[in-house]
file final-v8.txt (compact mmCIF, C-alpha atoms and all ligand atoms)
# COMPACT_ATOMS: atom_id res chain seq x y z
CA MET A 1 146.50 179.29 -57.67
CA ASN A 2 143.04 179.61 -59.12
CA GLY A 3 142.63 179.60 -62.85
CA ARG A 4 140.61 178.81 -65.91
CA PHE A 5 140.54 175.91 -68.36
CA MET A 6 138.55 175.30 -71.51
CA LEU A 7 136.12 172.35 -71.45
CA ASP A 8 134.65 171.50 -74.85
CA GLY A 9 135.24 175.09 -75.86
CA GLN A 10 133.70 176.63 -72.75
CA PRO A 11 135.64 178.43 -70.02
CA VAL A 12 135.57 176.79 -66.56
CA MET A 13 136.98 178.55 -63.49
CA PHE A 14 138.65 176.40 -60.82
CA GLU A 15 140.14 176.78 -57.36
CA GLU A 16 143.58 175.59 -56.35
CA GLY A 17 143.58 171.83 -55.69
CA GLN A 18 140.40 170.96 -57.60
CA THR A 19 140.52 168.12 -60.07
CA ILE A 20 139.15 168.59 -63.59
CA LEU A 21 136.04 166.58 -62.65
CA GLN A 22 135.36 168.55 -59.48
CA ALA A 23 135.80 171.91 -61.17
CA ALA A 24 133.69 170.87 -64.16
CA LYS A 25 130.85 169.67 -61.96
CA ALA A 26 130.99 172.74 -59.75
CA ALA A 27 130.60 174.83 -62.90
CA GLY A 28 127.60 172.77 -64.05
CA HIS A 29 129.29 170.51 -66.62
CA TYR A 30 128.63 166.81 -66.17
CA ILE A 31 131.37 164.22 -66.72
CA PRO A 32 130.24 160.56 -66.44
CA SER A 33 131.89 158.46 -63.72
CA LEU A 34 131.29 155.27 -61.70
CA CYS A 35 134.06 154.69 -59.16
CA TRP A 36 134.35 158.34 -58.16
CA HIS A 37 132.50 159.45 -55.02
CA PRO A 38 132.62 162.94 -53.48
CA ASP A 39 133.33 161.52 -49.98
CA PHE A 40 136.48 159.63 -51.05
CA PRO A 41 139.80 160.38 -52.74
CA PRO A 42 139.80 159.54 -56.47
CA HIS A 43 140.26 155.90 -57.37
CA GLY A 44 140.69 156.13 -61.14
CA SER A 45 139.71 152.55 -61.95
CA CYS A 46 136.53 152.73 -64.03
CA LYS A 47 137.99 155.21 -66.54
CA LEU A 48 134.53 156.46 -67.45
CA CYS A 49 135.62 160.01 -66.63
CA ILE A 50 138.41 160.01 -69.24
CA VAL A 51 138.87 163.29 -71.04
CA LYS A 52 141.49 164.42 -73.51
CA VAL A 53 143.92 167.09 -72.41
CA GLY A 54 146.22 168.30 -75.15
CA GLY A 55 145.37 165.17 -77.16
CA ARG A 56 146.16 162.72 -74.31
CA HIS A 57 143.69 160.61 -72.35
CA VAL A 58 143.61 161.31 -68.62
CA SER A 59 141.27 160.44 -65.74
CA SER A 60 139.52 163.69 -64.94
CA CYS A 61 138.73 162.50 -61.39
CA ALA A 62 142.43 162.30 -60.58
CA LEU A 63 144.14 165.07 -62.56
CA GLN A 64 144.37 168.49 -60.94
CA ALA A 65 143.10 171.34 -63.05
CA LYS A 66 145.75 173.68 -64.45
CA ASP A 67 145.40 177.12 -65.89
CA GLY A 68 144.98 177.15 -69.66
CA MET A 69 144.23 173.44 -70.14
CA GLU A 70 142.27 172.60 -73.30
CA ILE A 71 139.98 169.69 -72.45
CA GLU A 72 137.66 167.55 -74.59
CA SER A 73 134.96 165.51 -72.84
CA ASN A 74 131.53 165.40 -74.43
CA THR A 75 132.63 164.36 -77.94
CA PRO A 76 131.45 161.44 -80.08
CA GLU A 77 134.93 159.90 -79.85
CA ILE A 78 135.21 159.99 -76.05
CA ASN A 79 131.58 159.01 -75.48
CA GLY A 80 132.18 156.05 -77.82
CA GLU A 81 135.12 154.97 -75.68
CA ARG A 82 133.03 155.37 -72.53
CA ARG A 83 130.32 153.23 -74.10
CA ALA A 84 132.89 150.51 -74.90
CA LEU A 85 134.06 150.55 -71.25
CA LEU A 86 130.46 150.07 -70.12
CA GLN A 87 129.96 147.28 -72.65
CA MET A 88 133.00 145.46 -71.25
CA LEU A 89 131.64 145.79 -67.71
CA PHE A 90 128.30 144.36 -68.83
CA VAL A 91 129.80 141.25 -70.51
CA GLU A 92 132.30 140.54 -67.72
CA GLY A 93 129.60 140.09 -65.10
CA ASN A 94 126.06 138.74 -65.16
CA HIS A 95 123.73 141.71 -65.50
CA PHE A 96 120.14 140.56 -65.86
CA CYS A 97 118.50 143.88 -65.07
CA PRO A 98 114.86 142.68 -65.18
CA SER A 99 115.53 140.45 -62.15
CA CYS A 100 117.86 142.82 -60.30
CA GLU A 101 116.57 144.72 -57.27
CA LYS A 102 118.92 147.62 -58.11
CA SER A 103 117.37 148.18 -61.54
CA GLY A 104 116.35 151.81 -61.94
CA ASN A 105 118.61 152.88 -59.05
CA CYS A 106 121.78 151.43 -60.58
CA GLU A 107 124.56 153.73 -61.73
CA LEU A 108 126.00 151.27 -64.27
CA GLN A 109 122.61 150.93 -65.93
CA ALA A 110 122.04 154.70 -65.68
CA GLN A 111 125.36 155.39 -67.40
CA ALA A 112 124.35 152.95 -70.13
CA TYR A 113 121.15 154.97 -70.63
CA GLU A 114 123.10 158.23 -70.50
CA LEU A 115 125.52 157.05 -73.19
CA GLU A 116 122.77 155.38 -75.25
CA MET A 117 124.22 151.90 -74.99
CA THR A 118 121.56 149.60 -76.48
CA SER A 119 123.59 146.37 -76.47
CA ALA A 120 126.77 145.01 -74.94
CA ARG A 121 128.22 144.38 -78.43
CA PHE A 122 130.88 141.90 -77.23
CA ASN A 123 130.41 138.21 -76.42
CA TYR A 124 129.23 137.52 -72.88
CA PHE A 125 131.51 135.71 -70.43
CA PHE A 126 128.67 134.32 -68.27
CA PRO A 127 131.01 133.86 -65.29
CA VAL A 128 129.97 131.57 -62.43
CA ARG A 129 129.72 133.62 -59.22
CA PRO A 130 127.51 132.15 -56.47
CA VAL A 131 125.68 134.62 -54.22
CA ASP A 132 126.24 134.93 -50.46
CA ALA A 133 122.98 135.11 -48.48
CA SER A 134 124.56 134.21 -45.13
CA HIS A 135 124.11 137.64 -43.51
CA PRO A 136 120.71 138.20 -41.83
CA ASP A 137 120.17 141.68 -43.30
CA ILE A 138 122.31 141.93 -46.43
CA LEU A 139 122.53 139.89 -49.64
CA LEU A 140 125.75 139.81 -51.66
CA ASP A 141 125.29 139.13 -55.37
CA PHE A 142 128.81 139.00 -56.79
CA ASN A 143 127.49 138.64 -60.36
CA ARG A 144 127.16 142.40 -60.66
CA CYS A 145 130.42 143.69 -59.14
CA ILE A 146 132.24 146.31 -61.22
CA PHE A 147 135.30 146.45 -58.92
CA CYS A 148 134.95 150.12 -58.02
CA GLU A 149 136.23 149.40 -54.49
CA LEU A 150 133.74 151.83 -52.94
CA CYS A 151 132.69 149.16 -50.42
CA VAL A 152 136.36 148.36 -49.74
CA ARG A 153 137.13 152.02 -49.12
CA ALA A 154 133.98 152.72 -47.07
CA SER A 155 134.43 149.69 -44.83
CA ARG A 156 138.12 150.41 -44.26
CA ASP A 157 138.16 154.21 -44.06
CA ILE A 158 134.76 155.04 -42.54
CA ASP A 159 133.46 151.92 -40.76
CA GLY A 160 136.95 150.86 -39.62
CA LYS A 161 136.18 147.19 -40.33
CA SER A 162 137.92 146.29 -43.62
CA ILE A 163 135.30 143.72 -44.50
CA PHE A 164 135.80 143.76 -48.28
CA ALA A 165 138.79 143.41 -50.60
CA LEU A 166 139.49 142.70 -54.23
CA THR A 167 141.73 139.76 -54.96
CA ASN A 168 143.56 138.40 -58.02
CA ARG A 169 144.11 140.36 -61.21
CA GLY A 170 142.70 140.80 -64.70
CA ILE A 171 139.83 138.53 -65.57
CA HIS A 172 140.26 136.59 -62.29
CA LYS A 173 139.75 139.69 -60.16
CA HIS A 174 136.89 139.34 -57.69
CA LEU A 175 135.45 140.69 -54.46
CA VAL A 176 136.17 138.75 -51.28
CA VAL A 177 134.88 138.99 -47.72
CA ASN A 178 137.31 139.20 -44.82
CA ALA A 179 136.29 136.07 -42.85
CA GLU A 180 137.88 132.64 -42.51
CA SER A 181 134.79 131.13 -44.16
CA GLY A 182 134.61 133.93 -46.75
CA ARG A 183 130.97 134.46 -45.78
CA LEU A 184 129.50 137.83 -44.87
CA GLY A 185 127.43 136.25 -42.09
CA ASP A 186 130.68 135.45 -40.27
CA THR A 187 131.80 139.10 -40.08
CA ASP A 188 130.60 141.99 -37.90
CA PHE A 189 129.17 143.74 -40.96
CA SER A 190 126.03 145.74 -40.19
CA ALA A 191 123.27 147.08 -42.42
CA LEU A 192 124.02 150.47 -40.84
CA ASP A 193 127.64 150.49 -42.07
CA ARG A 194 128.50 153.09 -44.70
CA ALA A 195 129.65 150.18 -46.88
CA ALA A 196 126.15 148.71 -46.81
CA SER A 197 124.67 151.56 -48.82
CA ILE A 198 127.52 152.63 -51.08
CA CYS A 199 127.53 150.04 -53.87
CA PRO A 200 126.63 151.81 -57.14
CA VAL A 201 125.30 148.54 -58.60
CA GLY A 202 123.29 145.58 -57.30
CA VAL A 203 125.89 143.66 -55.25
CA ILE A 204 125.35 144.75 -51.63
CA LEU A 205 121.58 144.72 -51.19
CA PRO A 206 119.43 145.10 -48.07
CA LYS A 207 117.11 142.14 -47.56
CA ARG A 208 113.31 142.38 -47.24
CA VAL A 209 112.83 145.64 -49.15
CA GLY A 210 112.72 144.07 -52.63
CA PHE A 211 110.59 145.99 -55.11
CA ALA A 212 109.21 148.33 -52.39
CA VAL A 213 109.48 151.03 -55.05
CA PRO A 214 108.07 149.65 -58.30
CA ILE A 215 110.19 149.36 -61.44
CA GLY A 216 109.51 152.43 -63.55
CA GLU A 217 109.35 154.80 -60.56
CA ARG A 218 112.97 154.63 -59.50
CA ILE A 219 115.64 157.34 -59.56
CA TYR A 220 117.03 156.92 -63.06
CA ASP A 221 113.73 155.75 -64.57
CA GLU A 222 112.55 159.29 -64.35
CA LYS A 223 115.71 161.34 -64.85
CA PRO A 224 119.05 160.75 -66.55
CA ILE A 225 122.02 160.34 -64.21
CA SER A 226 123.60 163.51 -65.62
CA LEU A 227 120.71 165.54 -64.18
CA VAL A 228 120.40 163.59 -60.90
CA SER A 229 124.10 163.87 -60.15
CA MET A 230 124.26 167.59 -60.93
CA GLU A 231 121.28 168.22 -58.63
CA LYS A 232 123.09 166.37 -55.84
CA GLU A 233 126.14 168.61 -56.30
CA ARG A 234 124.09 171.72 -55.53
CA MET B 1 97.28 156.49 -99.60
CA SER B 2 100.70 156.69 -101.23
CA ASP B 3 101.71 154.23 -103.93
CA LYS B 4 105.00 153.49 -102.24
CA PRO B 5 105.49 149.72 -102.15
CA LYS B 6 104.92 148.36 -98.66
CA LEU B 7 107.90 147.25 -96.61
CA ARG B 8 107.97 143.56 -95.72
CA VAL B 9 108.40 142.74 -92.04
CA ALA B 10 109.04 139.34 -90.45
CA THR B 11 108.95 138.61 -86.72
CA THR B 12 109.73 135.57 -84.58
CA SER B 13 110.14 134.51 -80.99
CA LEU B 14 113.16 132.28 -80.25
CA ALA B 15 113.92 131.61 -76.56
CA GLY B 16 111.48 134.30 -75.46
CA CYS B 17 108.11 134.42 -73.73
CA PHE B 18 106.15 136.30 -76.43
CA GLY B 19 106.10 139.29 -74.09
CA CYS B 20 107.87 141.39 -76.73
CA HIS B 21 105.26 140.39 -79.32
CA MET B 22 102.52 141.34 -76.84
CA SER B 23 104.23 144.70 -76.37
CA PHE B 24 104.37 145.08 -80.17
CA LEU B 25 100.57 144.64 -80.24
CA ASP B 26 100.45 147.30 -77.51
CA ILE B 27 101.19 149.97 -80.10
CA ASP B 28 97.38 149.94 -80.31
CA GLU B 29 95.96 152.34 -82.90
CA HIS B 30 99.38 152.68 -84.54
CA LEU B 31 98.76 149.15 -85.82
CA PHE B 32 96.42 150.68 -88.41
CA GLU B 33 99.11 153.14 -89.46
CA LEU B 34 101.62 150.33 -89.59
CA ALA B 35 99.29 148.21 -91.73
CA GLN B 36 99.33 151.01 -94.33
CA LEU B 37 103.12 150.96 -94.44
CA VAL B 38 104.15 147.32 -94.08
CA GLU B 39 103.00 143.81 -94.82
CA PHE B 40 103.96 140.80 -92.75
CA ASP B 41 106.03 137.86 -93.89
CA ARG B 42 106.81 135.03 -91.45
CA SER B 43 105.40 136.01 -88.06
CA PRO B 44 103.07 134.65 -85.38
CA LEU B 45 100.60 137.12 -86.94
CA THR B 46 100.56 135.23 -90.26
CA ASP B 47 100.76 131.54 -91.00
CA ILE B 48 103.86 131.79 -93.16
CA LYS B 49 106.31 129.03 -92.20
CA HIS B 50 109.53 130.36 -93.73
CA CYS B 51 110.94 133.83 -94.01
CA GLY B 52 111.19 135.22 -97.55
CA PRO B 53 113.09 138.36 -98.62
CA CYS B 54 112.17 141.13 -96.17
CA ASP B 55 113.12 144.67 -95.30
CA ILE B 56 112.91 144.33 -91.53
CA GLY B 57 113.25 141.29 -89.25
CA LEU B 58 112.32 141.58 -85.57
CA ILE B 59 113.75 138.90 -83.30
CA GLU B 60 112.47 138.28 -79.79
CA GLY B 61 114.35 135.88 -77.50
CA GLY B 62 117.85 134.47 -77.32
CA VAL B 63 119.25 131.30 -78.83
CA CYS B 64 118.78 128.20 -76.65
CA ASN B 65 118.46 125.32 -79.12
CA ALA B 66 119.45 124.16 -82.61
CA GLU B 67 116.15 125.25 -84.15
CA ASN B 68 116.66 128.81 -82.84
CA VAL B 69 120.00 128.87 -84.70
CA HIS B 70 118.36 127.80 -87.99
CA VAL B 71 115.50 130.28 -87.69
CA LEU B 72 117.85 133.11 -86.77
CA ARG B 73 120.12 132.37 -89.75
CA GLU B 74 117.08 132.21 -92.05
CA PHE B 75 116.06 135.67 -90.82
CA ARG B 76 119.56 137.07 -91.28
CA ARG B 77 119.76 135.70 -94.84
CA ASN B 78 116.44 137.26 -95.76
CA CYS B 79 116.17 140.50 -93.82
CA LYS B 80 117.96 143.66 -94.90
CA THR B 81 117.73 145.06 -91.36
CA LEU B 82 117.73 142.69 -88.41
CA VAL B 83 116.60 143.98 -85.02
CA ALA B 84 117.06 142.37 -81.59
CA VAL B 85 113.92 143.14 -79.61
CA GLY B 86 114.03 142.85 -75.81
CA ALA B 87 116.37 141.69 -73.06
CA CYS B 88 116.51 138.00 -74.07
CA ALA B 89 117.56 138.69 -77.67
CA ILE B 90 120.11 141.20 -76.40
CA ASN B 91 121.75 139.33 -73.49
CA GLY B 92 120.02 135.94 -73.24
CA GLY B 93 117.71 137.22 -70.51
CA LEU B 94 115.95 134.90 -68.12
CA PRO B 95 116.72 131.69 -70.07
CA ALA B 96 120.46 132.54 -69.90
CA GLN B 97 120.29 132.38 -66.13
CA ARG B 98 120.75 128.62 -66.60
CA ASN B 99 124.20 129.31 -68.07
CA HIS B 100 126.02 128.74 -64.79
CA LEU B 101 124.39 125.31 -64.42
CA ASP B 102 125.38 122.08 -66.13
CA LEU B 103 122.77 121.29 -68.81
CA GLY B 104 122.66 117.56 -68.01
CA ALA B 105 122.17 118.26 -64.31
CA CYS B 106 119.43 120.75 -65.17
CA LEU B 107 117.51 118.18 -67.26
CA GLN B 108 117.95 115.54 -64.55
CA GLU B 109 116.61 117.90 -61.93
CA VAL B 110 113.53 118.83 -63.96
CA TYR B 111 112.62 115.51 -65.60
CA LEU B 112 114.02 112.80 -63.28
CA SER B 113 114.62 113.77 -59.68
CA ARG B 114 111.89 116.36 -59.09
CA ASP B 115 109.34 115.45 -56.40
CA GLY B 116 106.01 114.10 -57.60
CA ILE B 117 106.98 113.54 -61.23
CA ALA B 118 104.66 110.96 -62.85
CA ASN B 119 106.72 109.55 -65.74
CA PRO B 120 110.37 110.34 -65.13
CA GLY B 121 112.49 110.58 -68.29
CA VAL B 122 114.23 113.32 -70.25
CA PRO B 123 112.06 113.99 -73.36
CA ASP B 124 113.90 112.60 -76.40
CA ASP B 125 111.39 112.79 -79.24
CA PRO B 126 113.40 113.29 -82.47
CA GLU B 127 111.08 116.22 -83.30
CA LEU B 128 112.42 118.15 -80.30
CA PRO B 129 115.30 120.52 -81.15
CA LEU B 130 118.57 119.81 -79.37
CA LEU B 131 119.34 122.18 -76.52
CA LEU B 132 122.53 124.20 -76.64
CA ASP B 133 124.98 123.98 -73.80
CA LYS B 134 124.50 127.73 -73.12
CA VAL B 135 121.86 130.30 -74.05
CA HIS B 136 123.28 133.05 -76.27
CA PRO B 137 122.20 136.54 -77.24
CA ILE B 138 121.50 136.71 -80.98
CA HIS B 139 124.44 139.00 -81.79
CA GLU B 140 126.78 136.14 -80.84
CA VAL B 141 125.34 134.08 -83.73
CA VAL B 142 124.56 136.56 -86.52
CA ARG B 143 125.22 140.22 -87.27
CA VAL B 144 122.53 142.42 -85.73
CA ASP B 145 121.80 145.94 -86.99
CA TYR B 146 119.77 147.41 -84.12
CA PHE B 147 118.77 146.64 -80.54
CA ILE B 148 115.60 147.68 -78.69
CA PRO B 149 116.23 147.02 -74.98
CA GLY B 150 113.54 146.33 -72.39
CA CYS B 151 111.79 143.41 -70.73
CA PRO B 152 109.73 143.95 -72.74
CA PRO B 153 110.39 147.23 -74.52
CA SER B 154 107.26 149.41 -74.23
CA GLY B 155 104.88 149.60 -77.16
CA GLU B 156 105.86 153.25 -77.31
CA ALA B 157 109.56 152.37 -77.71
CA ILE B 158 108.80 149.78 -80.41
CA TRP B 159 106.64 152.28 -82.29
CA LYS B 160 109.24 155.07 -81.99
CA PHE B 161 111.89 152.71 -83.33
CA LEU B 162 109.79 151.38 -86.21
CA SER B 163 108.44 154.77 -87.24
CA ASP B 164 112.00 156.16 -87.33
CA LEU B 165 113.27 153.20 -89.34
CA ILE B 166 110.38 153.21 -91.81
CA ALA B 167 110.73 156.97 -92.35
CA GLY B 168 114.43 156.50 -93.12
CA ARG B 169 115.69 158.18 -89.93
CA THR B 170 118.37 156.64 -87.70
CA PRO B 171 116.27 155.01 -84.96
CA ARG B 172 116.92 156.57 -81.55
CA LEU B 173 115.18 156.05 -78.23
CA PRO B 174 114.95 159.02 -75.82
CA HIS B 175 115.85 158.43 -72.15
CA SER B 176 112.20 157.89 -71.21
CA MET B 177 111.98 154.91 -73.59
CA LEU B 178 115.42 153.38 -73.00
CA HIS B 179 115.09 150.75 -70.26
CA PHE B 180 116.82 147.46 -69.53
CA ASP B 181 113.99 146.24 -67.28
S1 LIG A 301 123.63 145.85 -61.22
FE1 LIG A 301 122.72 147.39 -62.56
S2 LIG A 301 123.36 146.79 -64.61
FE2 LIG A 301 123.71 145.03 -63.26
S3 LIG A 301 121.84 143.79 -63.40
FE3 LIG A 301 121.55 145.18 -61.66
S4 LIG A 301 120.50 146.95 -62.56
FE4 LIG A 301 121.37 145.82 -64.26
S1 LIG A 302 130.56 145.30 -54.43
FE1 LIG A 302 129.78 147.20 -55.29
S2 LIG A 302 130.91 148.78 -54.17
FE2 LIG A 302 132.04 146.89 -53.88
S3 LIG A 302 133.60 146.85 -55.51
FE3 LIG A 302 131.79 145.71 -56.25
S4 LIG A 302 130.60 147.24 -57.37
FE4 LIG A 302 132.04 148.38 -56.09
call {"tool": "encode", "arguments": {"input": "final-v8.txt", "output": "structure tokens"}}
result
Amino acid sequence: MNGRFMLDGQPVMFEEGQTILQAAKAAGHYIPSLCWHPDFPPHGSCKLCIVKVGGRHVSSCALQAKDGMEIESNTPEINGERRALLQMLFVEGNHFCPSCEKSGNCELQAQAYELEMTSARFNYFFPVRPVDASHPDILLDFNRCIFCELCVRASRDIDGKSIFALTNRGIHKHLVVNAESGRLGDTDFSALDRAASICPVGVILPKRVGFAVPIGERIYDEKPISLVSMEKER
Amino acid sequence: MSDKPKLRVATTSLAGCFGCHMSFLDIDEHLFELAQLVEFDRSPLTDIKHCGPCDIGLIEGGVCNAENVHVLREFRRNCKTLVAVGACAINGGLPAQRNHLDLGACLQEVYLSRDGIANPGVPDDPELPLLLDKVHPIHEVVRVDYFIPGCPPSGEAIWKFLSDLIAGRTPRLPHSMLHFD
């Protein structure tokens, strides 16, 4: 059944089966997200797309739209919570943007710009996470992983290789490579795999293209992610 | 010229490269405007050795040694508004990329076992400040009121921030001036 919900006081029409996020975007209303990708089922792990429905927090990427829902999204309260989620992601990894090849094309950084995060506020963990440069064409820099599982999903569901997985829980959670040695060079991973180009941050990086596009001229240097992502939808 | 008393501004570079100070000078002709509105206390632009009571303190660089801690605390004690300027003050930046290494091993590598070193020996002059085990962003040591990201922030961003603050507006950087790189 199709229907209509109210998003921040504005009516949004939806079709049967659409989630809140899908319907909102289709109607031209941006909701920030990181682990959500139009080619995959919702994952619901980053929580950036939280909205309030009837006073309760829900993941808008996962909840199906229902007729008559009253939804809050772009409010100072919810954007503050989104900013805190980003700040936690920044302190849990090692994000030194000035020396990261993904800078300017990175969705985590772009969301930080979008939500006007000027500092990470919390104390940094400075975890120790050595990089894996064993693959001839791809570098893995684990320092920047936000555990969105997009590479896990792409490698398993599209490439049919299951090269990546997340292991352990809580603060010990980390990305692992499916090889006896744990090294990417010992797998059949290819730079042409879908998983090679899906990472929203600077973990899975092609070699030998570093800084081909100068800093300052990259996707989110010029336009906020809210605009870029809505243009992609069209 | 108004008779409003000038605001006092202090600036310093801790574990930074002076890039943020260079960017500050990049505000070009706005420097004349700024000179009408503020006067400088401790700063590389003056020869004042210790920070006195100030309205605004601008800190470049993170905290990598004991002296940085003392200077930062002196600024916090004296400045009504303390601002972290640039990536290093905000997250430790390039110097903090030593944080996953053992400090002793780092010093050994640089001063003892490096190829072609003439007089091996870790410098131990008592005048040299003791290094901290890890490099920290300044908000982990003192309370910080505002942050201007960038490596360095553009002169434009620094001017937008300062002109907002001096005019009594809440400082806010538009998307075009908010960069982490
Ligand atoms: S992954 Fe993104 S946020 Fe992390 S260092 Fe690289 S550009 Fe910055
Ligand atoms: S490597 Fe990238 S795509 Fe994979 S889980 Fe980490 S952040 Fe997500």
call {"tool": "residues_near_ligand", "arguments": {"input": "final-v8.txt", "ligand": "ligand LIG 301 (chain A)", "cutoff": "7 Å", "atoms": "all atoms listed in the file", "output": "ChimeraX atom specification"}}
result
/A:90,94-97,100-104,106-109,144,201-203
call {"tool": "write_last_selection", "arguments": {"input": "final-v8.txt", "atoms": "C-alpha atoms", "output": "PDB file, in the coordinates of the input"}}
result
ATOM      1  CA  PHE A  90     128.300 144.360 -68.830  1.00  0.00           C
ATOM      2  CA  ASN A  94     126.060 138.740 -65.160  1.00  0.00           C
ATOM      3  CA  HIS A  95     123.730 141.710 -65.500  1.00  0.00           C
ATOM      4  CA  PHE A  96     120.140 140.560 -65.860  1.00  0.00           C
ATOM      5  CA  CYS A  97     118.500 143.880 -65.070  1.00  0.00           C
ATOM      6  CA  CYS A 100     117.860 142.820 -60.300  1.00  0.00           C
ATOM      7  CA  GLU A 101     116.570 144.720 -57.270  1.00  0.00           C
ATOM      8  CA  LYS A 102     118.920 147.620 -58.110  1.00  0.00           C
ATOM      9  CA  SER A 103     117.370 148.180 -61.540  1.00  0.00           C
ATOM     10  CA  GLY A 104     116.350 151.810 -61.940  1.00  0.00           C
ATOM     11  CA  CYS A 106     121.780 151.430 -60.580  1.00  0.00           C
ATOM     12  CA  GLU A 107     124.560 153.730 -61.730  1.00  0.00           C
ATOM     13  CA  LEU A 108     126.000 151.270 -64.270  1.00  0.00           C
ATOM     14  CA  GLN A 109     122.610 150.930 -65.930  1.00  0.00           C
ATOM     15  CA  ARG A 144     127.160 142.400 -60.660  1.00  0.00           C
ATOM     16  CA  VAL A 201     125.300 148.540 -58.600  1.00  0.00           C
ATOM     17  CA  GLY A 202     123.290 145.580 -57.300  1.00  0.00           C
ATOM     18  CA  VAL A 203     125.890 143.660 -55.250  1.00  0.00           C
TER      19      VAL A 203
END
call {"tool": "axis_aligned_box", "arguments": {"input": "final-v8.txt", "around": "ligand LIG 302 (chain A)", "padding_each_side": "5 Å", "output": "JSON"}}
result
{"center_x": 131.7, "center_y": 147.0, "center_z": -55.6, "size_x": 13.8, "size_y": 13.5, "size_z": 13.5}
call {"tool": "residues_near_ligand", "arguments": {"input": "final-v8.txt", "ligand": "ligand LIG 302 (chain A)", "cutoff": "9 Å", "atoms": "all atoms listed in the file", "output": "number ranges by chain"}}
result
A: 34-35, 140-142, 144-154, 164-166, 174-175, 195-204
call {"tool": "interface_residues", "arguments": {"input": "final-v8.txt", "of": "chain B", "to": "chain A", "cutoff": "12 Å", "atoms": "all atoms listed in the file", "output": "number ranges by chain"}}
result
B: 83-102, 134-154, 171-181
call {"tool": "closest_residue", "arguments": {"input": "final-v8.txt", "among": "B:Ile27, B:Leu37, B:Ala105, B:Ala10", "to": "Val71 in chain B", "atoms": "all atoms listed in the file"}}
result
B:Ala10
call {"tool": "residues_around", "arguments": {"input": "final-v8.txt", "residues": "Ser43 in chain B", "least_positions_apart": "4", "cutoff": "10 Å", "atoms": "all atoms listed in the file", "output": "JSON, numbers by chain"}}
result
{"B": [9, 10, 11, 12, 13, 21, 47, 48, 49, 50, 51, 57, 58]}
call {"tool": "closest_residue", "arguments": {"input": "final-v8.txt", "among": "A:Gln22, A:Gln10, A:Asn2, A:Thr167", "to": "Glu70 in chain A", "atoms": "all atoms listed in the file"}}
result
A:Gln10
call {"tool": "closest_residue", "arguments": {"input": "final-v8.txt", "among": "B:Glu74, B:Val69, B:Gln108, B:Thr46", "to": "Pro120 in chain B", "atoms": "only C-alpha atoms"}}
result
B:Gln108
call {"tool": "closest_residue", "arguments": {"input": "final-v8.txt", "among": "A:Gly3, A:Gly93, A:Glu81, A:Leu48", "to": "His172 in chain A", "atoms": "all atoms listed in the file"}}
result
A:Gly93
call {"tool": "residues_around", "arguments": {"input": "final-v8.txt", "residues": "Lys207 in chain A", "least_positions_apart": "6", "cutoff": "7 Å", "atoms": "all atoms listed in the file", "output": "list in words"}}
result
Asp137, Ile138 and Leu139 of chain A
call {"tool": "atom_distance", "arguments": {"input": "final-v8.txt", "atom1": "CA of Pro123 in chain B", "atom2": "CA of Tyr111 in chain B"}}
result
7.9 Å
call {"tool": "residues_near_point", "arguments": {"input": "final-v8.txt", "point": "(114.5, 134.2, -81.7)", "cutoff": "7 Å", "atoms": "only C-alpha atoms", "output": "MDAnalysis selection string"}}
result
chainID B and resid 12:16 59:63 68 72 89
call {"tool": "atom_distance", "arguments": {"input": "final-v8.txt", "atom1": "CA of Ala27 in chain A", "atom2": "CA of Val51 in chain A"}}
result
16.4 Å
call {"tool": "closest_residue", "arguments": {"input": "final-v8.txt", "among": "A:Ala23, A:Lys66, A:His43, A:His57", "to": "Met1 in chain A", "atoms": "all atoms listed in the file"}}
result
A:Lys66
call {"tool": "residues_around", "arguments": {"input": "final-v8.txt", "residues": "Lys52 in chain A", "least_positions_apart": "6", "cutoff": "12 Å", "atoms": "all atoms listed in the file", "output": "list in words"}}
result
Met6, Leu7, Asp8, Ile20, Val58, Ser59, Ser60, Leu63, Met69, Glu70, Ile71, Glu72, Ser73, Asn74, Thr75, Glu77, Ile78, Asn79 and Glu81 of chain A
call {"tool": "atom_distance", "arguments": {"input": "final-v8.txt", "atom1": "CA of Ser155 in chain A", "atom2": "CA of Lys173 in chain A"}}
result
19.1 Å
call {"tool": "closest_residue", "arguments": {"input": "final-v8.txt", "among": "A:Ile158, A:Val176, A:Leu227, A:Leu89", "to": "Asp39 in chain A", "atoms": "only C-alpha atoms"}}
result
A:Ile158
call {"tool": "decode", "arguments": {"input": "final-v8.txt", "residues": "range 62-78 of chain A", "atoms": "C-alpha atoms", "output": "mmCIF file, in the first residue's frame"}}
result
data_model
loop_
_atom_site.group_PDB
_atom_site.id
_atom_site.type_symbol
_atom_site.label_atom_id
_atom_site.label_comp_id
_atom_site.auth_asym_id
_atom_site.auth_seq_id
_atom_site.Cartn_x
_atom_site.Cartn_y
_atom_site.Cartn_z
ATOM 1 C CA ALA A 62 15.951 -0.299 7.690
ATOM 2 C CA LEU A 63 12.436 0.730 8.739
ATOM 3 C CA GLN A 64 9.687 0.471 6.145
ATOM 4 C CA ALA A 65 7.640 3.608 5.673
ATOM 5 C CA LYS A 66 4.083 3.486 7.014
ATOM 6 C CA ASP A 67 1.167 5.719 6.279
ATOM 7 C CA GLY A 68 0.794 8.583 8.733
ATOM 8 C CA MET A 69 4.235 8.315 10.375
ATOM 9 C CA GLU A 70 5.491 11.539 11.977
ATOM 10 C CA ILE A 71 9.259 11.635 11.490
ATOM 11 C CA GLU A 72 11.948 14.023 12.760
ATOM 12 C CA SER A 73 15.330 14.023 11.012
ATOM 13 C CA ASN A 74 16.983 17.364 10.381
ATOM 14 C CA THR A 75 16.755 18.727 13.942
ATOM 15 C CA PRO A 76 19.507 20.116 16.180
ATOM 16 C CA GLU A 77 19.011 17.182 18.570
ATOM 17 C CA ILE A 78 19.357 14.422 15.963
#
